[in-house]
Amino acid sequence: MWKFLINDAVAYVRGNVRDFSLNALRLLPQLPQLSPYDVNLVLRENEFVYNFPLEGVIRSYETNQLGSNSPCEDSRTEASLLYRPNGFVCGIFDGHGGAACGQVVSKRLLRYISAATLPRQVLREQMEQPGGCTSQSFLKCHNDNVDFVNEIKPIYEHSFQKYIKELIEMPERDVASELKDAFLKLDESLSNEALTSNDPRTMNVALSGAVACLVHLEGLQLHVASTGDCGAVLGTLDPKTNQWIPKKLNQEHNVDNMQEVKRILSEHPKGERDTVIRNGRLLSQLAPLRAFGDFRYKWSLDIMKKQVLPLVGDHGMPPHYYTPPYLTAQPEVQHHELSVGDKFLVIASDGLWDFLSPSDVVSLVGEHINSKKILEPMRIPEGDITLNQISEQLAERKAGLTRKPVDQNAATHLIRHALGATDYGIEHSKISYYLTLPKDVVRLYRDDITITVIYFNSEHIAELRNEYHPPTLSEPDSPLAA
């Protein structure tokens with residue numbers, strides 16, 4: 001509880017400072033005013049929705065992205081896992097120092113994990129098939145319309161083949177261990193490719209960086225693996241109070257995380273305590289304390305001097321670089337077994353959490369679920385139901401008409417509230433100003449925002465848990481409003 005209170009207080013202070021500076025910027029006459037129609041076009045441009053079969057644990061997911069950097073440094077990927085029932089994996093990836101690392105990791109990490117979490121016998125069988133298997137043999141992506149260029153694809157495929165050959169020689173481990181190993185092996189691949197390949201693009205990927213928050217789901221077993229400062233929060237409906245309860249499923253790796261700061265300080269000599277983390281950043285430069293890529297915070301002094309500095313110059317060496325590595329891609333993994341009360345999961349880049357707290361996000365998505373259901377035809381559930389119960393449902397639907405959502409997509413709903421929320425509701429002009437800020441200053445006011453909202457199928461979860469699940473209106477898969 002105290003954790004959420006502190007997060008809410010920090011978000012409140014940041015919000016007030018941001019609003020004050022934005023109000024000052026509004027005095028500039030050259031900023032155009034977008035119409036509501038134009039605002040909707042911008043906010044909804046990158047929406048995506050995918051619906052799963054009803055017999056699955058996941059009912060659907062909704063995702064959206066609003067860029068600030070040009071090009072946008074955030075990436076997102078979602079996929080079903082093949083050769084296993086109810087298998088799903090998705091991730092949010094926030095790049096820095098350019099978009100290259102985030103774009104590459106967003107595609108490749110899911111491929112590594114799809115192989116790592118596959119039973120070893122199935123993996124062997126697939127490798128023995130005529131023609132073998134490729135990095136895309138074990139998953140089906142839902143929102144991925146581009147692939148790597150032909151010149152770089154063989155390099156990445158070679159690394160994947162090396163990885164799965166190592167996997168089949170290793171005993172099967174628990175999912176958390178497999179996720180950690182996949183993160184580290186992909187990061188190792190990025191390093192080896194940059195140091196041994198003649199393609200300069202591999203070095204570009206290695207010197208940029210990306211943080212990641214990845215969700216892996218098989219049956220009722222949910223794992224969240226994160227490295228860096230993206231966030232994940234579970235929305236649970238309390239059956240007794242009918243209130244939404246937020247549960248954070250990861251911890252950000254930044255200077256606000258004192259355990260993470262202590263870990264890094266303990267890995268270096270005491271003489272570096274004043275330089276390892278300075279001005280809230282690793283070696284006074286990097287904000288996230290764990291990340292993919294960023295090998296100028298990982299490679300040895302010898303590699304930096306012989307292979308990196310001749311390419312990028314002396315500024316490529318961070319200050320006080322004495323005892324590398326200072327950075328790791330190893331994730332922290334949290335496990336959660338889904339229950340009937342778990343209705344949705346939100347993962348997002350830090351651009352969202354700069355505006356909204358986990359409590360805010362769960363409340364907004366919960367309200368959005370209720371509001372959307374009000375607009376759909378009402379269906380009476382099978383079995384005995386009294387006139388009084390029907391009357392209560394009709395009264396609830398009537399009250400919900402006043403909360404009609406502007407956006408059908410919950411991710412867009414969150415972005416709209418992040419940019420336009422005030423004490424008196426959504427202010428259109430505030431959103432317009434955020435969307436029309438000049439390119440040279442917009443990054444000072446908002447970061448790239450990428451969000452994925454995953455809805456769980458409560459009825460199927462109840463079946464897997466052998467529990468009775470009475471239908472209610474306040475959930476995404478209610479038969480009362482299907």
# chains A, B, ... in the order shown; residues from 1 in each chain; ligands from 1
$ select_by_dssp --residues "stretch 32-93 of chain A" --states "helix (DSSP H, G or I)" --output "PDB file with C-alpha atoms, in the first residue's frame"
ATOM      1  CA  PRO A  36     -11.021  17.140 -31.877  1.00  0.00           C
ATOM      2  CA  TYR A  37     -11.145  15.264 -35.177  1.00  0.00           C
ATOM      3  CA  ASP A  38      -7.428  15.878 -35.814  1.00  0.00           C
ATOM      4  CA  VAL A  39      -6.544  14.877 -32.247  1.00  0.00           C
ATOM      5  CA  ASN A  40      -8.426  11.601 -32.680  1.00  0.00           C
ATOM      6  CA  LEU A  41      -6.593  10.886 -35.927  1.00  0.00           C
ATOM      7  CA  VAL A  42      -3.219  11.318 -34.212  1.00  0.00           C
ATOM      8  CA  LEU A  43      -4.096   9.362 -31.076  1.00  0.00           C
TER       9      LEU A  43
END
$ residues_around --residues "A:Lys180" --least-positions-apart "3" --cutoff "12 Å" --atoms "only C-alpha atoms" --output "PyMOL selection string"
chain A and resi 109+112-113+116-117+173-177+183-187+214+223-227+328-334
$ write_last_selection --atoms "N, CA, C and O atoms" --output "short mmCIF file (atom, residue, chain, number, x, y, z; two decimals), in the first residue's frame"
data_model
loop_
_atom_site.label_atom_id
_atom_site.label_comp_id
_atom_site.auth_asym_id
_atom_site.auth_seq_id
_atom_site.Cartn_x
_atom_site.Cartn_y
_atom_site.Cartn_z
N LEU A 109 13.99 -11.11 -29.28
CA LEU A 109 13.82 -11.66 -27.94
C LEU A 109 12.67 -12.66 -27.88
O LEU A 109 12.78 -13.71 -27.25
N TYR A 112 13.85 -15.97 -29.27
CA TYR A 112 14.70 -16.72 -28.34
C TYR A 112 13.84 -17.36 -27.25
O TYR A 112 14.04 -18.53 -26.88
N ILE A 113 12.88 -16.61 -26.73
CA ILE A 113 12.05 -17.12 -25.64
C ILE A 113 11.11 -18.21 -26.12
O ILE A 113 10.85 -19.18 -25.40
N ALA A 116 13.28 -21.19 -25.99
CA ALA A 116 13.77 -21.53 -24.66
C ALA A 116 12.70 -22.18 -23.80
O ALA A 116 12.99 -23.07 -22.99
N THR A 117 11.44 -21.77 -23.96
CA THR A 117 10.36 -22.29 -23.12
C THR A 117 9.65 -23.49 -23.75
O THR A 117 8.68 -24.00 -23.20
N ARG A 173 14.70 -26.23 -17.53
CA ARG A 173 14.67 -25.47 -16.27
C ARG A 173 13.29 -24.83 -16.10
O ARG A 173 12.45 -24.91 -17.00
N ASP A 174 13.07 -24.22 -14.96
CA ASP A 174 11.82 -23.51 -14.75
C ASP A 174 11.75 -22.31 -15.69
O ASP A 174 12.77 -21.85 -16.22
N VAL A 175 10.54 -21.80 -15.91
CA VAL A 175 10.33 -20.73 -16.88
C VAL A 175 11.15 -19.49 -16.53
O VAL A 175 11.74 -18.85 -17.41
N ALA A 176 11.20 -19.13 -15.27
CA ALA A 176 11.93 -17.93 -14.86
C ALA A 176 13.40 -18.03 -15.27
O ALA A 176 13.99 -17.06 -15.78
N SER A 177 14.01 -19.19 -15.06
CA SER A 177 15.42 -19.39 -15.43
C SER A 177 15.60 -19.32 -16.94
O SER A 177 16.59 -18.75 -17.43
N PHE A 183 17.27 -13.68 -22.18
CA PHE A 183 17.66 -12.27 -22.18
C PHE A 183 19.17 -12.14 -22.32
O PHE A 183 19.68 -11.38 -23.16
N LEU A 184 19.91 -12.89 -21.50
CA LEU A 184 21.37 -12.76 -21.48
C LEU A 184 22.00 -13.30 -22.76
O LEU A 184 22.97 -12.72 -23.27
N LYS A 185 21.44 -14.39 -23.30
CA LYS A 185 22.01 -14.97 -24.53
C LYS A 185 21.77 -14.05 -25.73
O LYS A 185 22.64 -13.93 -26.60
N LEU A 186 20.62 -13.41 -25.78
CA LEU A 186 20.40 -12.46 -26.87
C LEU A 186 21.36 -11.28 -26.75
O LEU A 186 21.94 -10.83 -27.76
N ASP A 187 21.56 -10.79 -25.54
CA ASP A 187 22.49 -9.68 -25.35
C ASP A 187 23.91 -10.11 -25.74
O ASP A 187 24.66 -9.33 -26.34
N LEU A 214 8.65 -7.88 -20.62
CA LEU A 214 8.11 -8.99 -21.41
C LEU A 214 7.17 -9.84 -20.57
O LEU A 214 7.44 -10.14 -19.41
N HIS A 223 4.35 -14.97 -16.21
CA HIS A 223 5.67 -14.47 -15.81
C HIS A 223 5.91 -13.12 -16.48
O HIS A 223 5.61 -12.94 -17.66
N VAL A 224 6.44 -12.19 -15.71
CA VAL A 224 6.83 -10.88 -16.23
C VAL A 224 8.32 -10.72 -16.01
O VAL A 224 8.80 -10.75 -14.86
N ALA A 225 9.05 -10.57 -17.10
CA ALA A 225 10.50 -10.38 -17.04
C ALA A 225 10.81 -8.95 -17.49
O ALA A 225 10.37 -8.54 -18.55
N SER A 226 11.54 -8.22 -16.66
CA SER A 226 11.82 -6.83 -17.03
C SER A 226 13.25 -6.47 -16.73
O SER A 226 13.84 -6.90 -15.73
N THR A 227 13.80 -5.69 -17.63
CA THR A 227 15.11 -5.10 -17.43
C THR A 227 15.01 -3.64 -17.85
O THR A 227 14.65 -3.33 -18.97
N THR A 328 24.02 -4.66 -17.03
CA THR A 328 23.61 -6.01 -17.40
C THR A 328 22.22 -5.98 -18.03
O THR A 328 21.42 -5.08 -17.75
N ALA A 329 21.95 -6.99 -18.86
CA ALA A 329 20.61 -7.15 -19.43
C ALA A 329 19.79 -8.17 -18.65
O ALA A 329 18.64 -8.44 -19.01
N GLN A 330 20.35 -8.73 -17.58
CA GLN A 330 19.62 -9.76 -16.84
C GLN A 330 18.33 -9.20 -16.26
O GLN A 330 18.34 -8.18 -15.58
N PRO A 331 17.21 -9.85 -16.52
CA PRO A 331 15.93 -9.34 -16.02
C PRO A 331 15.63 -9.84 -14.62
O PRO A 331 16.21 -10.84 -14.16
N GLU A 332 14.74 -9.16 -13.97
CA GLU A 332 14.09 -9.71 -12.78
C GLU A 332 12.77 -10.31 -13.26
O GLU A 332 12.07 -9.72 -14.08
N VAL A 333 12.42 -11.47 -12.75
CA VAL A 333 11.23 -12.19 -13.20
C VAL A 333 10.28 -12.37 -12.02
O VAL A 333 10.68 -12.85 -10.96
N GLN A 334 9.04 -11.97 -12.22
CA GLN A 334 8.01 -12.21 -11.22
C GLN A 334 6.98 -13.18 -11.78
O GLN A 334 6.58 -13.08 -12.94
#
$ residues_around --residues "stretch 265-274 of chain A" --least-positions-apart "4" --cutoff "10 Å" --atoms "only C-alpha atoms" --output "ChimeraX atom specification"
/A:259-261,278,283,320-326
$ closest_residue --among "A:Asp350, A:Asp199, A:Asp440, A:Asp229" --to "A:Asn257" --atoms "only C-alpha atoms"
A:Asp229
$ residues_around --residues "A:Phe344" --least-positions-apart "2" --cutoff "8 Å" --atoms "only C-alpha atoms" --output "number ranges by chain"
A: 234-236, 342, 346, 453-456
$ closest_residue --among "A:Ile461, A:Met317, A:Leu179, A:Leu81" --to "A:Met304" --atoms "only C-alpha atoms"
A:Met317
$ select_by_dssp --residues "stretch 32-83 of chain A" --states "strand (DSSP E or B)" --output "compact mmCIF listing (two decimals) with all heavy atoms, in the first residue's frame"
# COMPACT_ATOMS: atom_id res chain seq x y z
N PHE A 48 -4.08 -1.10 -32.45
CA PHE A 48 -4.18 -2.48 -32.95
C PHE A 48 -4.95 -3.30 -31.92
O PHE A 48 -4.75 -3.15 -30.71
CB PHE A 48 -2.79 -3.10 -33.16
CG PHE A 48 -2.85 -4.50 -33.72
CD1 PHE A 48 -3.07 -4.73 -35.07
CD2 PHE A 48 -2.69 -5.59 -32.88
CE1 PHE A 48 -3.13 -6.02 -35.59
CE2 PHE A 48 -2.75 -6.89 -33.38
CZ PHE A 48 -2.97 -7.10 -34.74
N VAL A 49 -5.84 -4.16 -32.41
CA VAL A 49 -6.64 -5.03 -31.55
C VAL A 49 -6.57 -6.45 -32.09
O VAL A 49 -6.63 -6.66 -33.31
CB VAL A 49 -8.12 -4.57 -31.50
CG1 VAL A 49 -8.95 -5.53 -30.64
CG2 VAL A 49 -8.22 -3.16 -30.97
N TYR A 50 -6.42 -7.42 -31.18
CA TYR A 50 -6.42 -8.82 -31.60
C TYR A 50 -7.32 -9.61 -30.65
O TYR A 50 -7.18 -9.53 -29.43
CB TYR A 50 -5.01 -9.41 -31.58
CG TYR A 50 -4.93 -10.78 -32.19
CD1 TYR A 50 -4.77 -10.94 -33.56
CD2 TYR A 50 -5.02 -11.93 -31.40
CE1 TYR A 50 -4.71 -12.20 -34.14
CE2 TYR A 50 -4.96 -13.19 -31.96
CZ TYR A 50 -4.80 -13.32 -33.34
OH TYR A 50 -4.75 -14.58 -33.90
N ASN A 51 -8.25 -10.39 -31.22
CA ASN A 51 -9.17 -11.21 -30.45
C ASN A 51 -8.79 -12.69 -30.56
O ASN A 51 -8.59 -13.20 -31.67
CB ASN A 51 -10.61 -11.02 -30.95
CG ASN A 51 -11.11 -9.61 -30.71
OD1 ASN A 51 -11.17 -9.14 -29.57
ND2 ASN A 51 -11.46 -8.91 -31.78
N ILE A 58 -6.54 -15.87 -22.61
CA ILE A 58 -6.59 -14.47 -23.02
C ILE A 58 -7.76 -14.28 -23.97
O ILE A 58 -7.92 -15.02 -24.94
CB ILE A 58 -5.28 -14.05 -23.70
CG1 ILE A 58 -4.10 -14.22 -22.75
CG2 ILE A 58 -5.36 -12.59 -24.15
CD1 ILE A 58 -2.77 -13.88 -23.38
N ARG A 59 -8.57 -13.28 -23.67
CA ARG A 59 -9.71 -12.99 -24.54
C ARG A 59 -9.29 -12.11 -25.71
O ARG A 59 -9.67 -12.35 -26.85
CB ARG A 59 -10.81 -12.30 -23.73
CG ARG A 59 -12.11 -12.11 -24.49
CD ARG A 59 -13.20 -11.54 -23.59
NE ARG A 59 -14.46 -11.42 -24.29
CZ ARG A 59 -15.34 -12.39 -24.46
NH1 ARG A 59 -15.05 -13.59 -23.96
NH2 ARG A 59 -16.47 -12.20 -25.09
N SER A 60 -8.50 -11.08 -25.42
CA SER A 60 -8.05 -10.16 -26.47
C SER A 60 -6.95 -9.28 -25.91
O SER A 60 -6.67 -9.29 -24.70
CB SER A 60 -9.21 -9.28 -26.96
OG SER A 60 -9.68 -8.45 -25.91
N TYR A 61 -6.33 -8.52 -26.79
CA TYR A 61 -5.44 -7.45 -26.32
C TYR A 61 -5.59 -6.24 -27.23
O TYR A 61 -5.95 -6.35 -28.40
CB TYR A 61 -3.98 -7.91 -26.21
CG TYR A 61 -3.25 -8.11 -27.52
CD1 TYR A 61 -2.67 -7.04 -28.21
CD2 TYR A 61 -3.09 -9.38 -28.06
CE1 TYR A 61 -1.98 -7.22 -29.40
CE2 TYR A 61 -2.41 -9.58 -29.25
CZ TYR A 61 -1.85 -8.50 -29.91
OH TYR A 61 -1.16 -8.68 -31.09
N GLU A 62 -5.33 -5.08 -26.64
CA GLU A 62 -5.38 -3.81 -27.36
C GLU A 62 -4.07 -3.08 -27.12
O GLU A 62 -3.54 -3.08 -26.01
CB GLU A 62 -6.56 -2.96 -26.86
CG GLU A 62 -7.90 -3.63 -27.07
CD GLU A 62 -9.06 -2.91 -26.41
OE1 GLU A 62 -8.82 -2.01 -25.57
OE2 GLU A 62 -10.23 -3.25 -26.72
N THR A 63 -3.55 -2.47 -28.16
CA THR A 63 -2.26 -1.80 -28.04
C THR A 63 -2.25 -0.52 -28.86
O THR A 63 -3.02 -0.36 -29.81
CB THR A 63 -1.11 -2.74 -28.48
OG1 THR A 63 0.15 -2.10 -28.32
CG2 THR A 63 -1.29 -3.18 -29.92
N ASN A 64 -1.40 0.40 -28.47
CA ASN A 64 -1.27 1.65 -29.19
C ASN A 64 0.09 2.28 -28.87
O ASN A 64 0.74 1.91 -27.87
CB ASN A 64 -2.39 2.63 -28.83
CG ASN A 64 -2.56 3.75 -29.87
OD1 ASN A 64 -1.82 3.81 -30.85
ND2 ASN A 64 -3.51 4.63 -29.63
N GLN A 65 0.48 3.23 -29.71
CA GLN A 65 1.78 3.89 -29.55
C GLN A 65 1.67 5.33 -30.02
O GLN A 65 1.09 5.61 -31.07
CB GLN A 65 2.84 3.14 -30.36
CG GLN A 65 4.25 3.70 -30.25
CD GLN A 65 5.23 2.87 -31.06
OE1 GLN A 65 5.32 3.00 -32.27
NE2 GLN A 65 5.94 1.97 -30.38
N LEU A 66 2.24 6.24 -29.23
CA LEU A 66 2.32 7.65 -29.61
C LEU A 66 3.77 8.09 -29.48
O LEU A 66 4.34 8.08 -28.39
CB LEU A 66 1.42 8.51 -28.71
CG LEU A 66 1.45 10.02 -29.00
CD1 LEU A 66 0.81 10.31 -30.36
CD2 LEU A 66 0.75 10.80 -27.90
N ASP A 74 10.38 3.56 -29.17
CA ASP A 74 9.66 2.44 -28.58
C ASP A 74 9.32 1.40 -29.64
O ASP A 74 9.11 1.74 -30.81
CB ASP A 74 8.35 2.90 -27.94
CG ASP A 74 8.55 3.58 -26.59
OD1 ASP A 74 9.71 3.75 -26.18
OD2 ASP A 74 7.54 3.92 -25.95
N SER A 75 9.24 0.15 -29.22
CA SER A 75 8.77 -0.94 -30.09
C SER A 75 7.86 -1.85 -29.28
O SER A 75 7.90 -1.85 -28.05
CB SER A 75 9.95 -1.74 -30.66
OG SER A 75 10.77 -0.93 -31.48
N ARG A 76 7.04 -2.63 -29.97
CA ARG A 76 6.13 -3.57 -29.30
C ARG A 76 5.97 -4.79 -30.20
O ARG A 76 6.01 -4.68 -31.43
CB ARG A 76 4.77 -2.91 -29.09
CG ARG A 76 4.21 -2.32 -30.38
CD ARG A 76 2.91 -1.58 -30.24
NE ARG A 76 2.60 -0.87 -31.48
CZ ARG A 76 1.41 -0.43 -31.82
NH1 ARG A 76 0.40 -0.60 -31.01
NH2 ARG A 76 1.22 0.21 -32.96
N THR A 77 5.83 -5.95 -29.60
CA THR A 77 5.63 -7.18 -30.34
C THR A 77 4.75 -8.12 -29.52
O THR A 77 4.89 -8.18 -28.30
CB THR A 77 6.97 -7.88 -30.66
OG1 THR A 77 7.90 -6.93 -31.17
CG2 THR A 77 6.78 -8.98 -31.68
N GLU A 78 3.86 -8.84 -30.20
CA GLU A 78 2.99 -9.80 -29.54
C GLU A 78 2.92 -11.05 -30.42
O GLU A 78 2.88 -10.95 -31.65
CB GLU A 78 1.57 -9.25 -29.35
CG GLU A 78 1.50 -7.86 -28.74
CD GLU A 78 1.60 -6.75 -29.77
OE1 GLU A 78 1.11 -6.95 -30.90
OE2 GLU A 78 2.19 -5.68 -29.47
N ALA A 79 2.89 -12.23 -29.76
CA ALA A 79 2.86 -13.47 -30.54
C ALA A 79 2.25 -14.61 -29.73
O ALA A 79 2.35 -14.64 -28.50
CB ALA A 79 4.27 -13.86 -30.97
N SER A 80 1.61 -15.53 -30.45
CA SER A 80 1.17 -16.79 -29.85
C SER A 80 2.31 -17.79 -29.94
O SER A 80 3.03 -17.84 -30.95
CB SER A 80 -0.05 -17.34 -30.59
OG SER A 80 -1.17 -16.50 -30.40
N LEU A 81 2.48 -18.59 -28.89
CA LEU A 81 3.53 -19.60 -28.87
C LEU A 81 2.99 -20.88 -29.50
O LEU A 81 1.92 -21.37 -29.12
CB LEU A 81 3.98 -19.86 -27.43
CG LEU A 81 4.61 -18.66 -26.72
CD1 LEU A 81 4.86 -18.98 -25.25
CD2 LEU A 81 5.91 -18.25 -27.40
$ residues_around --residues "A:Ala212" --least-positions-apart "4" --cutoff "8 Å" --atoms "only C-alpha atoms" --output "PyMOL selection string"
chain A and resi 91-94+226-230+291
$ residues_around --residues "A:Arg296" --least-positions-apart "3" --cutoff "9 Å" --atoms "only C-alpha atoms" --output "JSON, numbers by chain"
{"A": [206, 207, 293, 299, 300, 304, 308, 316, 317, 318, 325]}
$ write_last_selection --atoms "all heavy atoms" --output "CSV table (one decimal), in the first residue's frame"
chain,number,residue,atom,x,y,z
A,206,ALA,N,24.6,-2.3,-31.1
A,206,ALA,CA,25.3,-2.6,-29.9
A,206,ALA,C,25.6,-1.3,-29.0
A,206,ALA,O,25.6,-1.4,-27.8
A,206,ALA,CB,26.6,-3.3,-30.1
A,207,LEU,N,25.8,-0.2,-29.7
A,207,LEU,CA,26.1,1.0,-29.0
A,207,LEU,C,24.9,1.8,-28.6
A,207,LEU,O,25.0,2.7,-27.8
A,207,LEU,CB,27.1,1.9,-29.9
A,207,LEU,CG,28.4,1.3,-30.1
A,207,LEU,CD1,29.3,2.3,-30.9
A,207,LEU,CD2,29.1,1.0,-28.8
A,293,GLY,N,22.1,-4.1,-25.1
A,293,GLY,CA,23.0,-3.2,-25.8
A,293,GLY,C,23.8,-2.4,-24.8
A,293,GLY,O,24.3,-2.8,-23.8
A,299,TRP,N,31.6,-3.6,-22.2
A,299,TRP,CA,32.8,-4.2,-22.8
A,299,TRP,C,34.1,-3.8,-22.0
A,299,TRP,O,34.1,-2.8,-21.3
A,299,TRP,CB,33.0,-3.7,-24.2
A,299,TRP,CG,32.2,-4.4,-25.2
A,299,TRP,CD1,31.8,-5.7,-25.2
A,299,TRP,CD2,31.7,-3.9,-26.5
A,299,TRP,NE1,31.1,-6.1,-26.3
A,299,TRP,CE2,31.0,-5.0,-27.1
A,299,TRP,CE3,31.7,-2.7,-27.1
A,299,TRP,CZ2,30.4,-4.8,-28.3
A,299,TRP,CZ3,31.1,-2.5,-28.3
A,299,TRP,CH2,30.4,-3.6,-28.9
A,300,SER,N,35.1,-4.7,-22.1
A,300,SER,CA,36.3,-4.4,-21.4
A,300,SER,C,37.1,-3.2,-21.9
A,300,SER,O,36.8,-2.7,-23.0
A,300,SER,CB,37.3,-5.7,-21.5
A,300,SER,OG,37.7,-5.8,-22.9
A,304,MET,N,37.2,-1.7,-25.8
A,304,MET,CA,36.8,-0.3,-26.0
A,304,MET,C,37.9,0.5,-26.7
A,304,MET,O,37.6,1.2,-27.7
A,304,MET,CB,36.5,0.4,-24.7
A,304,MET,CG,35.2,-0.1,-24.0
A,304,MET,SD,33.7,0.3,-24.9
A,304,MET,CE,33.7,2.1,-24.8
A,308,VAL,N,36.2,0.1,-30.4
A,308,VAL,CA,35.1,1.1,-30.3
A,308,VAL,C,35.6,2.5,-30.5
A,308,VAL,O,35.1,3.3,-31.4
A,308,VAL,CB,34.4,1.0,-29.0
A,308,VAL,CG1,33.3,2.0,-28.9
A,308,VAL,CG2,33.8,-0.4,-28.8
A,316,GLY,N,33.3,8.2,-26.9
A,316,GLY,CA,32.6,6.9,-26.8
A,316,GLY,C,32.9,6.2,-25.4
A,316,GLY,O,32.2,5.3,-25.0
A,317,MET,N,33.9,6.6,-24.8
A,317,MET,CA,34.3,6.1,-23.5
A,317,MET,C,33.6,6.9,-22.3
A,317,MET,O,33.8,8.0,-22.2
A,317,MET,CB,35.8,6.1,-23.2
A,317,MET,CG,36.3,5.5,-21.9
A,317,MET,SD,36.4,3.7,-22.0
A,317,MET,CE,38.0,3.5,-22.8
A,318,PRO,N,32.8,6.2,-21.5
A,318,PRO,CA,32.1,6.9,-20.4
A,318,PRO,C,33.1,7.4,-19.4
A,318,PRO,O,34.2,6.9,-19.3
A,318,PRO,CB,31.2,5.9,-19.8
A,318,PRO,CG,31.0,4.8,-20.9
A,318,PRO,CD,32.3,4.8,-21.6
A,325,PRO,N,32.1,-4.9,-16.3
A,325,PRO,CA,30.9,-4.2,-16.8
A,325,PRO,C,30.2,-3.5,-15.7
A,325,PRO,O,30.2,-3.9,-14.6
A,325,PRO,CB,30.1,-5.4,-17.3
A,325,PRO,CG,30.5,-6.5,-16.5
A,325,PRO,CD,32.0,-6.4,-16.2
$ closest_residue --among "A:Arg201, A:His158, A:Arg397, A:Arg111" --to "A:Ser137" --atoms "only C-alpha atoms"
A:Arg111
$ decode --residues "stretch 110-128 of chain A" --atoms "N, CA and C atoms" --output "PDB file, in the first residue's frame"
ATOM      1  N   LEU A 110      11.567 -12.345 -28.533  1.00  0.00           N
ATOM      2  CA  LEU A 110      10.438 -13.267 -28.527  1.00  0.00           C
ATOM      3  C   LEU A 110      10.802 -14.587 -29.209  1.00  0.00           C
ATOM      4  N   ARG A 111      11.655 -14.538 -30.217  1.00  0.00           N
ATOM      5  CA  ARG A 111      12.075 -15.752 -30.910  1.00  0.00           C
ATOM      6  C   ARG A 111      12.955 -16.617 -30.007  1.00  0.00           C
ATOM      7  N   TYR A 112      13.849 -15.974 -29.270  1.00  0.00           N
ATOM      8  CA  TYR A 112      14.696 -16.718 -28.338  1.00  0.00           C
ATOM      9  C   TYR A 112      13.842 -17.362 -27.249  1.00  0.00           C
ATOM     10  N   ILE A 113      12.881 -16.609 -26.734  1.00  0.00           N
ATOM     11  CA  ILE A 113      12.052 -17.118 -25.639  1.00  0.00           C
ATOM     12  C   ILE A 113      11.113 -18.214 -26.117  1.00  0.00           C
ATOM     13  N   SER A 114      10.600 -18.107 -27.338  1.00  0.00           N
ATOM     14  CA  SER A 114       9.717 -19.151 -27.863  1.00  0.00           C
ATOM     15  C   SER A 114      10.446 -20.493 -27.955  1.00  0.00           C
ATOM     16  N   ALA A 115      11.745 -20.452 -28.215  1.00  0.00           N
ATOM     17  CA  ALA A 115      12.539 -21.683 -28.258  1.00  0.00           C
ATOM     18  C   ALA A 115      12.925 -22.128 -26.854  1.00  0.00           C
ATOM     19  N   ALA A 116      13.283 -21.186 -25.995  1.00  0.00           N
ATOM     20  CA  ALA A 116      13.769 -21.528 -24.655  1.00  0.00           C
ATOM     21  C   ALA A 116      12.697 -22.181 -23.803  1.00  0.00           C
ATOM     22  N   THR A 117      11.441 -21.772 -23.959  1.00  0.00           N
ATOM     23  CA  THR A 117      10.355 -22.288 -23.122  1.00  0.00           C
ATOM     24  C   THR A 117       9.653 -23.485 -23.752  1.00  0.00           C
ATOM     25  N   LEU A 118      10.128 -23.939 -24.892  1.00  0.00           N
ATOM     26  CA  LEU A 118       9.583 -25.125 -25.546  1.00  0.00           C
ATOM     27  C   LEU A 118      10.200 -26.368 -24.893  1.00  0.00           C
ATOM     28  N   PRO A 119       9.412 -27.414 -24.646  1.00  0.00           N
ATOM     29  CA  PRO A 119      10.017 -28.648 -24.119  1.00  0.00           C
ATOM     30  C   PRO A 119      11.178 -29.096 -25.000  1.00  0.00           C
ATOM     31  N   ARG A 120      12.266 -29.524 -24.382  1.00  0.00           N
ATOM     32  CA  ARG A 120      13.479 -29.855 -25.132  1.00  0.00           C
ATOM     33  C   ARG A 120      13.227 -30.942 -26.182  1.00  0.00           C
ATOM     34  N   GLN A 121      12.367 -31.910 -25.869  1.00  0.00           N
ATOM     35  CA  GLN A 121      12.106 -32.979 -26.820  1.00  0.00           C
ATOM     36  C   GLN A 121      11.428 -32.434 -28.067  1.00  0.00           C
ATOM     37  N   VAL A 122      10.475 -31.523 -27.871  1.00  0.00           N
ATOM     38  CA  VAL A 122       9.799 -30.906 -29.021  1.00  0.00           C
ATOM     39  C   VAL A 122      10.791 -30.082 -29.830  1.00  0.00           C
ATOM     40  N   LEU A 123      11.680 -29.384 -29.154  1.00  0.00           N
ATOM     41  CA  LEU A 123      12.694 -28.586 -29.848  1.00  0.00           C
ATOM     42  C   LEU A 123      13.596 -29.481 -30.690  1.00  0.00           C
ATOM     43  N   ARG A 124      14.005 -30.622 -30.130  1.00  0.00           N
ATOM     44  CA  ARG A 124      14.850 -31.563 -30.888  1.00  0.00           C
ATOM     45  C   ARG A 124      14.113 -32.078 -32.119  1.00  0.00           C
ATOM     46  N   GLU A 125      12.843 -32.434 -31.929  1.00  0.00           N
ATOM     47  CA  GLU A 125      12.064 -32.959 -33.050  1.00  0.00           C
ATOM     48  C   GLU A 125      11.946 -31.941 -34.178  1.00  0.00           C
ATOM     49  N   GLN A 126      11.742 -30.690 -33.823  1.00  0.00           N
ATOM     50  CA  GLN A 126      11.614 -29.656 -34.842  1.00  0.00           C
ATOM     51  C   GLN A 126      12.939 -29.404 -35.557  1.00  0.00           C
ATOM     52  N   MET A 127      14.032 -29.515 -34.827  1.00  0.00           N
ATOM     53  CA  MET A 127      15.348 -29.317 -35.432  1.00  0.00           C
ATOM     54  C   MET A 127      15.696 -30.459 -36.380  1.00  0.00           C
ATOM     55  N   GLU A 128      15.106 -31.643 -36.138  1.00  0.00           N
ATOM     56  CA  GLU A 128      15.393 -32.808 -36.972  1.00  0.00           C
ATOM     57  C   GLU A 128      14.499 -32.894 -38.198  1.00  0.00           C
TER      58      GLU A 128
END
